[in-house]
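This is input.txt (compact mmCIF, N, CA and C atoms and all ligand atoms).
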```txt
# COMPACT_ATOMS: atom_id res chain seq x y z
N MET A 1 0.85 -1.21 0.00
CA MET A 1 0.00 0.00 0.00
C MET A 1 0.89 1.25 0.00
N GLU A 2 0.75 2.10 -1.02
CA GLU A 2 1.53 3.33 -1.13
C GLU A 2 0.68 4.53 -0.71
N CYS A 3 1.03 5.17 0.35
CA CYS A 3 0.30 6.38 0.74
C CYS A 3 1.34 7.46 1.04
N ILE A 4 0.84 8.67 1.30
CA ILE A 4 1.71 9.82 1.53
C ILE A 4 2.67 9.56 2.71
N PHE A 5 2.17 8.93 3.77
CA PHE A 5 3.02 8.69 4.94
C PHE A 5 4.03 7.57 4.65
N CYS A 6 3.64 6.57 3.85
CA CYS A 6 4.62 5.55 3.44
C CYS A 6 5.74 6.21 2.64
N LYS A 7 5.38 7.21 1.83
CA LYS A 7 6.40 7.92 1.05
C LYS A 7 7.32 8.74 1.95
N ILE A 8 6.77 9.31 3.02
CA ILE A 8 7.59 10.04 3.99
C ILE A 8 8.57 9.07 4.65
N ILE A 9 8.08 7.89 5.02
CA ILE A 9 8.94 6.87 5.66
C ILE A 9 10.10 6.49 4.74
N LYS A 10 9.78 6.35 3.44
CA LYS A 10 10.83 5.97 2.48
C LYS A 10 11.76 7.12 2.11
N GLY A 11 11.42 8.33 2.56
CA GLY A 11 12.25 9.50 2.24
C GLY A 11 11.92 10.09 0.88
N GLU A 12 10.82 9.64 0.28
CA GLU A 12 10.43 10.17 -1.04
C GLU A 12 9.75 11.53 -0.93
N ILE A 13 9.19 11.80 0.25
CA ILE A 13 8.63 13.13 0.55
C ILE A 13 9.36 13.61 1.81
N PRO A 14 9.86 14.88 1.80
CA PRO A 14 10.61 15.36 2.97
C PRO A 14 9.70 15.62 4.18
N CYS A 15 10.30 15.59 5.36
CA CYS A 15 9.55 15.95 6.57
C CYS A 15 10.53 16.51 7.59
N PHE A 16 9.99 17.18 8.60
CA PHE A 16 10.81 17.63 9.72
C PHE A 16 10.77 16.54 10.78
N LYS A 17 11.77 15.66 10.70
CA LYS A 17 11.79 14.46 11.53
C LYS A 17 12.23 14.76 12.96
N LEU A 18 11.47 14.28 13.94
CA LEU A 18 11.81 14.50 15.34
C LEU A 18 12.33 13.25 16.01
N TYR A 19 11.86 12.09 15.56
CA TYR A 19 12.26 10.83 16.21
C TYR A 19 12.05 9.69 15.22
N GLU A 20 12.94 8.70 15.30
CA GLU A 20 12.80 7.52 14.45
C GLU A 20 13.42 6.32 15.14
N ASP A 21 12.74 5.18 15.09
CA ASP A 21 13.39 3.91 15.44
C ASP A 21 12.94 2.87 14.42
N ASP A 22 13.18 1.58 14.70
CA ASP A 22 12.84 0.59 13.66
C ASP A 22 11.34 0.45 13.43
N LYS A 23 10.52 0.88 14.39
CA LYS A 23 9.06 0.68 14.28
C LYS A 23 8.26 1.93 13.95
N VAL A 24 8.73 3.10 14.43
CA VAL A 24 7.91 4.31 14.31
C VAL A 24 8.72 5.53 13.85
N LEU A 25 7.98 6.52 13.37
CA LEU A 25 8.59 7.79 12.94
C LEU A 25 7.71 8.94 13.45
N ALA A 26 8.36 9.99 13.95
CA ALA A 26 7.62 11.18 14.39
C ALA A 26 8.14 12.39 13.64
N PHE A 27 7.22 13.23 13.15
CA PHE A 27 7.61 14.41 12.37
C PHE A 27 6.55 15.49 12.55
N LEU A 28 6.93 16.73 12.23
CA LEU A 28 5.99 17.85 12.41
C LEU A 28 4.89 17.82 11.36
N ASP A 29 3.66 18.12 11.79
CA ASP A 29 2.53 18.23 10.86
C ASP A 29 2.76 19.43 9.94
N ILE A 30 2.47 19.25 8.66
CA ILE A 30 2.71 20.30 7.66
C ILE A 30 1.73 21.48 7.83
N ASN A 31 0.60 21.22 8.45
CA ASN A 31 -0.43 22.25 8.64
C ASN A 31 -0.86 22.25 10.11
N PRO A 32 0.04 22.72 10.99
CA PRO A 32 -0.14 22.53 12.43
C PRO A 32 -1.32 23.30 13.03
N ASP A 33 -1.94 22.68 14.03
CA ASP A 33 -2.98 23.35 14.83
C ASP A 33 -2.35 24.15 15.96
N SER A 34 -1.09 23.84 16.30
CA SER A 34 -0.35 24.64 17.29
C SER A 34 1.13 24.40 17.03
N ASP A 35 1.99 25.26 17.61
CA ASP A 35 3.43 25.11 17.40
C ASP A 35 3.90 23.79 17.99
N GLY A 36 4.55 22.97 17.18
CA GLY A 36 5.05 21.68 17.66
C GLY A 36 4.10 20.52 17.38
N HIS A 37 2.98 20.79 16.70
CA HIS A 37 2.02 19.72 16.35
C HIS A 37 2.77 18.61 15.59
N THR A 38 2.78 17.45 16.22
CA THR A 38 3.59 16.33 15.72
C THR A 38 2.70 15.16 15.30
N LEU A 39 3.14 14.42 14.29
CA LEU A 39 2.47 13.19 13.89
C LEU A 39 3.40 12.02 14.19
N LEU A 40 2.85 10.99 14.81
CA LEU A 40 3.63 9.80 15.17
C LEU A 40 3.00 8.62 14.43
N ILE A 41 3.80 7.96 13.59
CA ILE A 41 3.24 6.92 12.72
C ILE A 41 4.05 5.62 12.80
N PRO A 42 3.38 4.47 12.59
CA PRO A 42 4.13 3.22 12.47
C PRO A 42 4.79 3.16 11.10
N LYS A 43 5.95 2.50 11.02
CA LYS A 43 6.64 2.40 9.73
C LYS A 43 5.94 1.42 8.79
N ASN A 44 5.23 0.43 9.35
CA ASN A 44 4.41 -0.43 8.51
C ASN A 44 3.07 0.24 8.29
N HIS A 45 2.47 0.00 7.13
CA HIS A 45 1.19 0.64 6.83
C HIS A 45 0.04 -0.09 7.52
N PHE A 46 -0.55 0.58 8.52
CA PHE A 46 -1.82 0.14 9.11
C PHE A 46 -2.81 1.26 8.86
N LYS A 47 -4.05 0.89 8.58
CA LYS A 47 -5.03 1.93 8.23
C LYS A 47 -5.47 2.73 9.46
N ASP A 48 -5.88 2.04 10.49
CA ASP A 48 -6.50 2.74 11.62
C ASP A 48 -6.43 1.90 12.88
N LEU A 49 -7.19 2.28 13.89
CA LEU A 49 -7.13 1.58 15.19
C LEU A 49 -7.61 0.13 15.09
N ASP A 50 -8.52 -0.15 14.15
CA ASP A 50 -8.99 -1.53 13.96
C ASP A 50 -7.91 -2.40 13.32
N ASP A 51 -7.05 -1.77 12.56
CA ASP A 51 -6.08 -2.49 11.73
C ASP A 51 -4.74 -2.72 12.43
N ILE A 52 -4.33 -1.79 13.26
CA ILE A 52 -2.98 -1.82 13.85
C ILE A 52 -2.85 -2.95 14.89
N ASP A 53 -1.69 -3.61 14.94
CA ASP A 53 -1.53 -4.69 15.93
C ASP A 53 -1.09 -4.13 17.29
N ASN A 54 -1.28 -4.95 18.31
CA ASN A 54 -1.03 -4.48 19.69
C ASN A 54 0.42 -4.11 19.93
N GLU A 55 1.33 -4.86 19.34
CA GLU A 55 2.75 -4.60 19.56
C GLU A 55 3.13 -3.22 19.00
N THR A 56 2.63 -2.94 17.80
CA THR A 56 2.94 -1.64 17.19
C THR A 56 2.28 -0.51 17.98
N LEU A 57 1.07 -0.77 18.43
CA LEU A 57 0.35 0.22 19.24
C LEU A 57 1.13 0.56 20.51
N LEU A 58 1.73 -0.47 21.09
CA LEU A 58 2.54 -0.27 22.30
C LEU A 58 3.75 0.61 21.98
N SER A 59 4.38 0.35 20.83
CA SER A 59 5.53 1.19 20.42
C SER A 59 5.09 2.64 20.24
N ILE A 60 3.94 2.82 19.62
CA ILE A 60 3.42 4.19 19.42
C ILE A 60 3.20 4.85 20.78
N ASN A 61 2.58 4.14 21.69
CA ASN A 61 2.30 4.72 23.00
C ASN A 61 3.58 5.04 23.76
N ASN A 62 4.54 4.13 23.70
CA ASN A 62 5.82 4.38 24.39
C ASN A 62 6.50 5.62 23.83
N VAL A 63 6.53 5.73 22.51
CA VAL A 63 7.23 6.87 21.90
C VAL A 63 6.44 8.16 22.12
N SER A 64 5.11 8.06 22.22
CA SER A 64 4.31 9.27 22.47
C SER A 64 4.74 9.92 23.79
N ARG A 65 5.14 9.11 24.76
CA ARG A 65 5.64 9.66 26.03
C ARG A 65 6.90 10.48 25.83
N LYS A 66 7.81 9.94 25.02
CA LYS A 66 9.08 10.66 24.75
C LYS A 66 8.79 11.98 24.04
N ILE A 67 7.93 11.93 23.03
CA ILE A 67 7.64 13.14 22.25
C ILE A 67 6.97 14.19 23.14
N LYS A 68 6.03 13.74 23.94
CA LYS A 68 5.33 14.65 24.86
C LYS A 68 6.34 15.38 25.75
N LYS A 69 7.26 14.61 26.30
CA LYS A 69 8.29 15.17 27.18
C LYS A 69 9.17 16.18 26.44
N MET A 70 9.55 15.83 25.22
CA MET A 70 10.41 16.70 24.43
C MET A 70 9.68 18.02 24.11
N LEU A 71 8.42 17.93 23.75
CA LEU A 71 7.65 19.14 23.42
C LEU A 71 7.50 20.03 24.66
N GLU A 72 7.23 19.39 25.80
CA GLU A 72 7.08 20.15 27.05
C GLU A 72 8.39 20.87 27.40
N GLU A 73 9.49 20.14 27.27
CA GLU A 73 10.78 20.71 27.67
C GLU A 73 11.26 21.79 26.70
N LYS A 74 11.12 21.54 25.41
CA LYS A 74 11.72 22.44 24.41
C LYS A 74 10.81 23.61 24.04
N LEU A 75 9.51 23.40 24.11
CA LEU A 75 8.61 24.46 23.67
C LEU A 75 7.89 25.13 24.84
N ASN A 76 8.15 24.63 26.04
CA ASN A 76 7.50 25.18 27.24
C ASN A 76 5.98 25.26 27.10
N CYS A 77 5.40 24.22 26.54
CA CYS A 77 3.94 24.23 26.40
C CYS A 77 3.32 23.89 27.77
N ASP A 78 2.03 24.16 27.88
CA ASP A 78 1.36 23.99 29.17
C ASP A 78 0.47 22.75 29.21
N GLY A 79 0.39 22.05 28.10
CA GLY A 79 -0.40 20.83 28.02
C GLY A 79 -0.14 20.16 26.69
N VAL A 80 -0.54 18.91 26.57
CA VAL A 80 -0.35 18.17 25.32
C VAL A 80 -1.60 17.31 25.08
N THR A 81 -2.16 17.40 23.88
CA THR A 81 -3.34 16.60 23.52
C THR A 81 -2.95 15.52 22.52
N LEU A 82 -3.39 14.29 22.79
CA LEU A 82 -3.15 13.18 21.86
C LEU A 82 -4.47 12.82 21.19
N ILE A 83 -4.45 12.79 19.86
CA ILE A 83 -5.67 12.49 19.08
C ILE A 83 -5.32 11.48 18.00
N GLN A 84 -6.26 10.58 17.74
CA GLN A 84 -6.06 9.61 16.64
C GLN A 84 -7.39 9.44 15.94
N ASN A 85 -7.46 9.86 14.68
CA ASN A 85 -8.72 9.87 13.94
C ASN A 85 -8.95 8.56 13.18
N ASN A 86 -10.22 8.18 13.07
CA ASN A 86 -10.63 6.97 12.33
C ASN A 86 -11.86 7.31 11.48
N GLY A 87 -12.04 6.57 10.39
CA GLY A 87 -13.24 6.76 9.58
C GLY A 87 -13.20 8.05 8.79
N ASP A 88 -14.36 8.66 8.59
CA ASP A 88 -14.44 9.83 7.70
C ASP A 88 -13.64 11.02 8.21
N VAL A 89 -13.37 11.08 9.51
CA VAL A 89 -12.62 12.21 10.07
C VAL A 89 -11.11 12.02 9.86
N GLN A 90 -10.71 10.84 9.39
CA GLN A 90 -9.29 10.54 9.13
C GLN A 90 -8.97 10.84 7.67
N GLU A 91 -8.13 11.86 7.48
CA GLU A 91 -7.80 12.27 6.11
C GLU A 91 -6.79 11.31 5.48
N ILE A 92 -5.71 11.02 6.19
CA ILE A 92 -4.67 10.14 5.65
C ILE A 92 -4.88 8.74 6.24
N LYS A 93 -5.07 7.78 5.37
CA LYS A 93 -5.47 6.43 5.83
C LYS A 93 -4.25 5.57 6.18
N HIS A 94 -3.35 6.15 6.93
CA HIS A 94 -2.20 5.44 7.51
C HIS A 94 -2.24 5.84 8.98
N TYR A 95 -2.38 4.85 9.88
CA TYR A 95 -2.54 5.15 11.31
C TYR A 95 -1.57 6.25 11.75
N HIS A 96 -2.08 7.25 12.45
CA HIS A 96 -1.18 8.27 13.01
C HIS A 96 -1.78 8.86 14.27
N MET A 97 -0.92 9.15 15.19
CA MET A 97 -1.32 9.85 16.40
C MET A 97 -0.88 11.31 16.28
N HIS A 98 -1.84 12.22 16.52
CA HIS A 98 -1.49 13.64 16.59
C HIS A 98 -1.05 13.94 18.03
N ILE A 99 0.06 14.64 18.18
CA ILE A 99 0.51 15.08 19.50
C ILE A 99 0.58 16.61 19.44
N LYS A 100 -0.39 17.25 20.10
CA LYS A 100 -0.54 18.71 19.92
C LYS A 100 -0.26 19.46 21.21
N PRO A 101 0.78 20.28 21.22
CA PRO A 101 1.05 21.12 22.38
C PRO A 101 -0.07 22.15 22.56
N PHE A 102 -0.35 22.45 23.81
CA PHE A 102 -1.33 23.48 24.17
C PHE A 102 -0.58 24.56 24.94
N TYR A 103 -0.90 25.82 24.65
CA TYR A 103 -0.22 26.95 25.31
C TYR A 103 -1.25 27.76 26.08
N ASN A 104 -0.85 28.15 27.26
CA ASN A 104 -1.79 28.69 28.22
C ASN A 104 -2.05 30.19 28.13
N ASN A 105 -1.57 30.84 27.08
CA ASN A 105 -1.86 32.27 26.97
C ASN A 105 -2.99 32.47 25.96
N LYS A 106 -3.62 33.61 26.05
CA LYS A 106 -4.84 33.84 25.27
C LYS A 106 -4.60 33.68 23.77
N LYS A 107 -3.50 34.26 23.32
CA LYS A 107 -3.21 34.20 21.90
C LYS A 107 -3.14 32.75 21.42
N SER A 108 -2.47 31.90 22.22
CA SER A 108 -2.29 30.51 21.82
C SER A 108 -3.57 29.71 21.92
N ILE A 109 -4.41 30.06 22.90
CA ILE A 109 -5.67 29.33 23.04
C ILE A 109 -6.47 29.45 21.75
N GLU A 110 -6.30 30.59 21.08
CA GLU A 110 -7.08 30.82 19.87
C GLU A 110 -6.32 30.41 18.61
N LEU A 111 -5.23 29.65 18.80
CA LEU A 111 -4.38 29.28 17.65
C LEU A 111 -5.17 28.61 16.54
N ILE A 112 -6.08 27.71 16.92
CA ILE A 112 -6.77 26.95 15.89
C ILE A 112 -7.66 27.87 15.06
N LYS A 113 -8.24 28.87 15.74
CA LYS A 113 -9.10 29.82 15.02
C LYS A 113 -8.26 30.78 14.18
N TYR A 114 -7.10 31.17 14.73
CA TYR A 114 -6.29 32.18 14.07
C TYR A 114 -4.95 31.58 13.66
N LYS A 115 -4.97 30.86 12.55
CA LYS A 115 -3.80 30.09 12.13
C LYS A 115 -2.57 30.97 11.91
N GLU A 116 -2.79 32.28 11.67
CA GLU A 116 -1.64 33.14 11.38
C GLU A 116 -0.70 33.29 12.57
N TYR A 117 -1.18 32.96 13.78
CA TYR A 117 -0.31 33.03 14.95
C TYR A 117 0.65 31.84 15.03
N ILE A 118 0.36 30.82 14.27
CA ILE A 118 1.17 29.60 14.36
C ILE A 118 2.45 29.78 13.54
N LYS A 119 3.56 29.38 14.16
CA LYS A 119 4.86 29.51 13.49
C LYS A 119 4.96 28.52 12.32
N ASP A 120 5.83 28.85 11.37
CA ASP A 120 6.16 27.92 10.30
C ASP A 120 6.82 26.69 10.94
N PRO A 121 6.39 25.45 10.57
CA PRO A 121 7.01 24.25 11.15
C PRO A 121 8.54 24.25 11.05
N LYS A 122 9.08 24.88 10.00
CA LYS A 122 10.54 24.95 9.82
C LYS A 122 11.19 25.67 11.02
N ASP A 123 10.55 26.76 11.49
CA ASP A 123 11.10 27.52 12.61
C ASP A 123 10.94 26.76 13.93
N VAL A 124 9.84 26.04 14.08
CA VAL A 124 9.65 25.22 15.29
C VAL A 124 10.69 24.09 15.30
N TYR A 125 10.95 23.54 14.13
CA TYR A 125 11.93 22.46 14.01
C TYR A 125 13.30 22.92 14.50
N GLU A 126 13.68 24.16 14.14
CA GLU A 126 14.97 24.71 14.59
C GLU A 126 15.03 24.74 16.12
N ILE A 127 13.94 25.13 16.76
CA ILE A 127 13.89 25.17 18.23
C ILE A 127 14.03 23.76 18.80
N LEU A 128 13.28 22.82 18.20
CA LEU A 128 13.28 21.45 18.73
C LEU A 128 14.62 20.76 18.53
N LYS A 129 15.36 21.18 17.52
CA LYS A 129 16.65 20.53 17.24
C LYS A 129 17.80 21.12 18.04
N GLU A 130 17.54 22.27 18.71
CA GLU A 130 18.60 22.84 19.57
C GLU A 130 18.85 21.92 20.75
N ASN A 131 20.07 21.92 21.24
CA ASN A 131 20.36 21.05 22.40
C ASN A 131 19.85 21.64 23.70
P1 LIG B 201 -6.03 13.25 9.89
O1 LIG B 201 -7.21 14.11 9.61
O2 LIG B 201 -5.87 12.16 8.86
O3 LIG B 201 -6.02 12.72 11.29
O4 LIG B 201 -4.77 14.20 9.80
C1 LIG B 201 -3.82 14.15 8.77
C2 LIG B 201 -2.76 15.18 9.10
O5 LIG B 201 -1.67 14.98 8.21
C3 LIG B 201 -3.22 16.63 8.93
O6 LIG B 201 -3.04 17.32 10.17
C4 LIG B 201 -2.31 17.18 7.83
O7 LIG B 201 -1.93 18.51 8.04
C5 LIG B 201 -1.12 16.24 7.87
N1 LIG B 201 -0.45 16.06 6.59
C6 LIG B 201 -1.03 15.78 5.39
N2 LIG B 201 -0.10 15.63 4.43
C7 LIG B 201 1.10 15.84 5.03
C8 LIG B 201 2.46 15.84 4.55
O8 LIG B 201 2.75 15.62 3.37
N3 LIG B 201 3.44 16.10 5.46
C9 LIG B 201 3.16 16.34 6.78
N4 LIG B 201 4.20 16.59 7.58
N5 LIG B 201 1.90 16.35 7.27
C10 LIG B 201 0.89 16.11 6.41
ZN ZN B 202 1.03 4.17 4.36
```

Please re-express this file's structure in structure tokens.
Ligand code: 5GP
Ligand code: ZN
Amino acid sequence: MECIFCKIIKGEIPCFKLYEDDKVLAFLDINPDSDGHTLLIPKNHFKDLDDIDNETLLSINNVSRKIKKMLEEKLNCDGVTLIQNNGDVQEIKHYHMHIKPFYNNKKSIELIKYKEYIKDPKDVYEILKEN
């Protein structure tokens, strides 16, 4: 099965990669709902929660902890939301977990409504890659 996320895994489409191991890949969402909005995907193609196996799901959950911690530490966010869409609400039919930082100031609370406040993922990537 060839999908956009499989192409990202193969390196055929570029991404701002945050984490990779033999089972999963994490990278910044191209159209973020907040600064640091990350997608965490299995390297094998599973469609959704019904399709993914338990072992891979465990890897996703374990790595989601690492990503959450990294976003909290590097971006000083005040909360993190994990979302995983299925069915008609799922645009890309390759299982993925959204990891979305939440910021506690008024401007950031309205980030989803006012997308212009959100930084370019390239600039967020620079912050996340700093030591
Ligand atoms: P879904 O609605 O399927 O849960 O969300 C799919 C997400 O994938 C969206 O937030 C969208 O911005 C993101 N996305 C779609 N295509 C690409 C891409 O080529 N690169 C990256 N980094 N994100 C993508
Ligand atoms: Zn795929």

Using all atoms listed in the file, tabulate the residues of chain A lying at most 6 Å from any atom of ligand ZN 202 (chain B), each with its closest atom pair and that distance in Å to one decimal, by chain and increasing residue number, as CSV.
```
residue,atom,partner,partner_atom,distance
A:Met1,C,B:ZN202,ZN,5.2
A:Glu2,C,B:ZN202,ZN,5.1
A:Cys3,N,B:ZN202,ZN,4.1
A:Ile4,N,B:ZN202,ZN,5.4
A:Phe5,C,B:ZN202,ZN,4.5
A:Cys6,N,B:ZN202,ZN,3.6
A:Lys7,N,B:ZN202,ZN,5.9
A:Asn44,C,B:ZN202,ZN,5.9
A:His45,CA,B:ZN202,ZN,4.3
A:Phe46,N,B:ZN202,ZN,5.7
A:Lys93,C,B:ZN202,ZN,5.8
A:His94,CA,B:ZN202,ZN,4.7
```

Item to complete: Could you give me, as a list in words, the residues that sit within 8 Å of (4.6, 21.2, 25.0) in the file's coordinates, counting only N, CA and C atoms?
Response: Asp35, Gly36, Ile67, Lys68, Lys69, Met70, Leu71, Glu72, Glu73, Lys74, Leu75, Asn76, Cys77, Asp78, Gly79, Val80, Thr81, Lys100, Pro101, Phe102 and Tyr103 of chain A

Chain A near ligand LIG 201 (chain B) within 5 Å: what's each residue's closest atom pair and its distance in Å to one decimal, counting all atoms listed in the file, ordered by chain then ascending residue number, as a tab-separated table?
```
residue	atom	partner	partner_atom	distance
A:Leu28	C	B:LIG201	N4	4.0
A:Asp29	C	B:LIG201	N4	4.0
A:Ile30	N	B:LIG201	N5	3.3
A:Asn31	N	B:LIG201	O7	3.7
A:Asn85	N	B:LIG201	O3	4.7
A:Val89	C	B:LIG201	O1	4.4
A:Gln90	C	B:LIG201	O2	3.6
A:Glu91	N	B:LIG201	O2	2.7
A:Ile92	N	B:LIG201	O2	2.9
```

Could you dump the residues just selected with N, CA and C atoms as a short mmCIF file (atom, residue, chain, number, x, y, z; two decimals), keeping the file's coordinate frame?
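Okay, again23.cif is ready:
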```cif
data_model
loop_
_atom_site.label_atom_id
_atom_site.label_comp_id
_atom_site.auth_asym_id
_atom_site.auth_seq_id
_atom_site.Cartn_x
_atom_site.Cartn_y
_atom_site.Cartn_z
N LEU A 28 6.93 16.73 12.23
CA LEU A 28 5.99 17.85 12.41
C LEU A 28 4.89 17.82 11.36
N ASP A 29 3.66 18.12 11.79
CA ASP A 29 2.53 18.23 10.86
C ASP A 29 2.76 19.43 9.94
N ILE A 30 2.47 19.25 8.66
CA ILE A 30 2.71 20.30 7.66
C ILE A 30 1.73 21.48 7.83
N ASN A 31 0.60 21.22 8.45
CA ASN A 31 -0.43 22.25 8.64
C ASN A 31 -0.86 22.25 10.11
N ASN A 85 -7.46 9.86 14.68
CA ASN A 85 -8.72 9.87 13.94
C ASN A 85 -8.95 8.56 13.18
N VAL A 89 -13.37 11.08 9.51
CA VAL A 89 -12.62 12.21 10.07
C VAL A 89 -11.11 12.02 9.86
N GLN A 90 -10.71 10.84 9.39
CA GLN A 90 -9.29 10.54 9.13
C GLN A 90 -8.97 10.84 7.67
N GLU A 91 -8.13 11.86 7.48
CA GLU A 91 -7.80 12.27 6.11
C GLU A 91 -6.79 11.31 5.48
N ILE A 92 -5.71 11.02 6.19
CA ILE A 92 -4.67 10.14 5.65
C ILE A 92 -4.88 8.74 6.24
#
```

Worksheet item: Per DSSP on the backbone, what are the strand (DSSP E or B) residues of chain A, as a PyMOL selection string?
Response: chain A and resi 17-20+24-28+38-42+79-83+97-102

Worksheet item: Can you tell me, as JSON, numbers by chain, which residues sit within 10 Å of (11.7, 1.5, 19.5) in the file's frame, using only C-alpha atoms?
Response: {"A": [19, 20, 21, 22, 23, 24, 25, 56, 58, 59, 60, 62, 63]}

Worksheet entry | Separation of atom N of A:Glu126 from atom N of A:Leu57, in Å and rounded to one decimal |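 Going from atom N of A:Glu126 over to atom N of A:Leu57, I get 28.3 Å.
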
Practice prompt. Run DSSP on the backbone of this structure and report the residues of chain A it assigns to helix (DSSP H, G or I), as a PyMOL selection string.
Written response: chain A and resi 4-10+54-75+87-89+106-109+115-117+121-129

Padded axis-aligned box of stretch 29-33 of chain A (8 Å per side), centre and edge lengths, Å, one decimal, as lines of an AutoDock Vina configuration file:
```
center_x = 0.3
center_y = 21.1
center_z = 11.8
size_x = 22.6
size_y = 22.0
size_z = 24.3
```

Worksheet item: Could you state the separation of atom N of A:Gly11 and atom C of A:Tyr117 in Å, given to one decimal place?
Response: 28.7 Å

Fill in: Between atom CA of A:Lys122 and atom C of A:Ala26, distance in Å (one decimal)
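Between atom CA of A:Lys122 and atom C of A:Ala26 the gap is 13.3 Å.
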
Discussion item. Considering only N, CA and C atoms, can you say which of A:Ser64, A:Ile9, A:Leu18, A:Ser34 comes closest to A:Lys119?
Written reply: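 The closest residue to A:Lys119 is A:Ser34.
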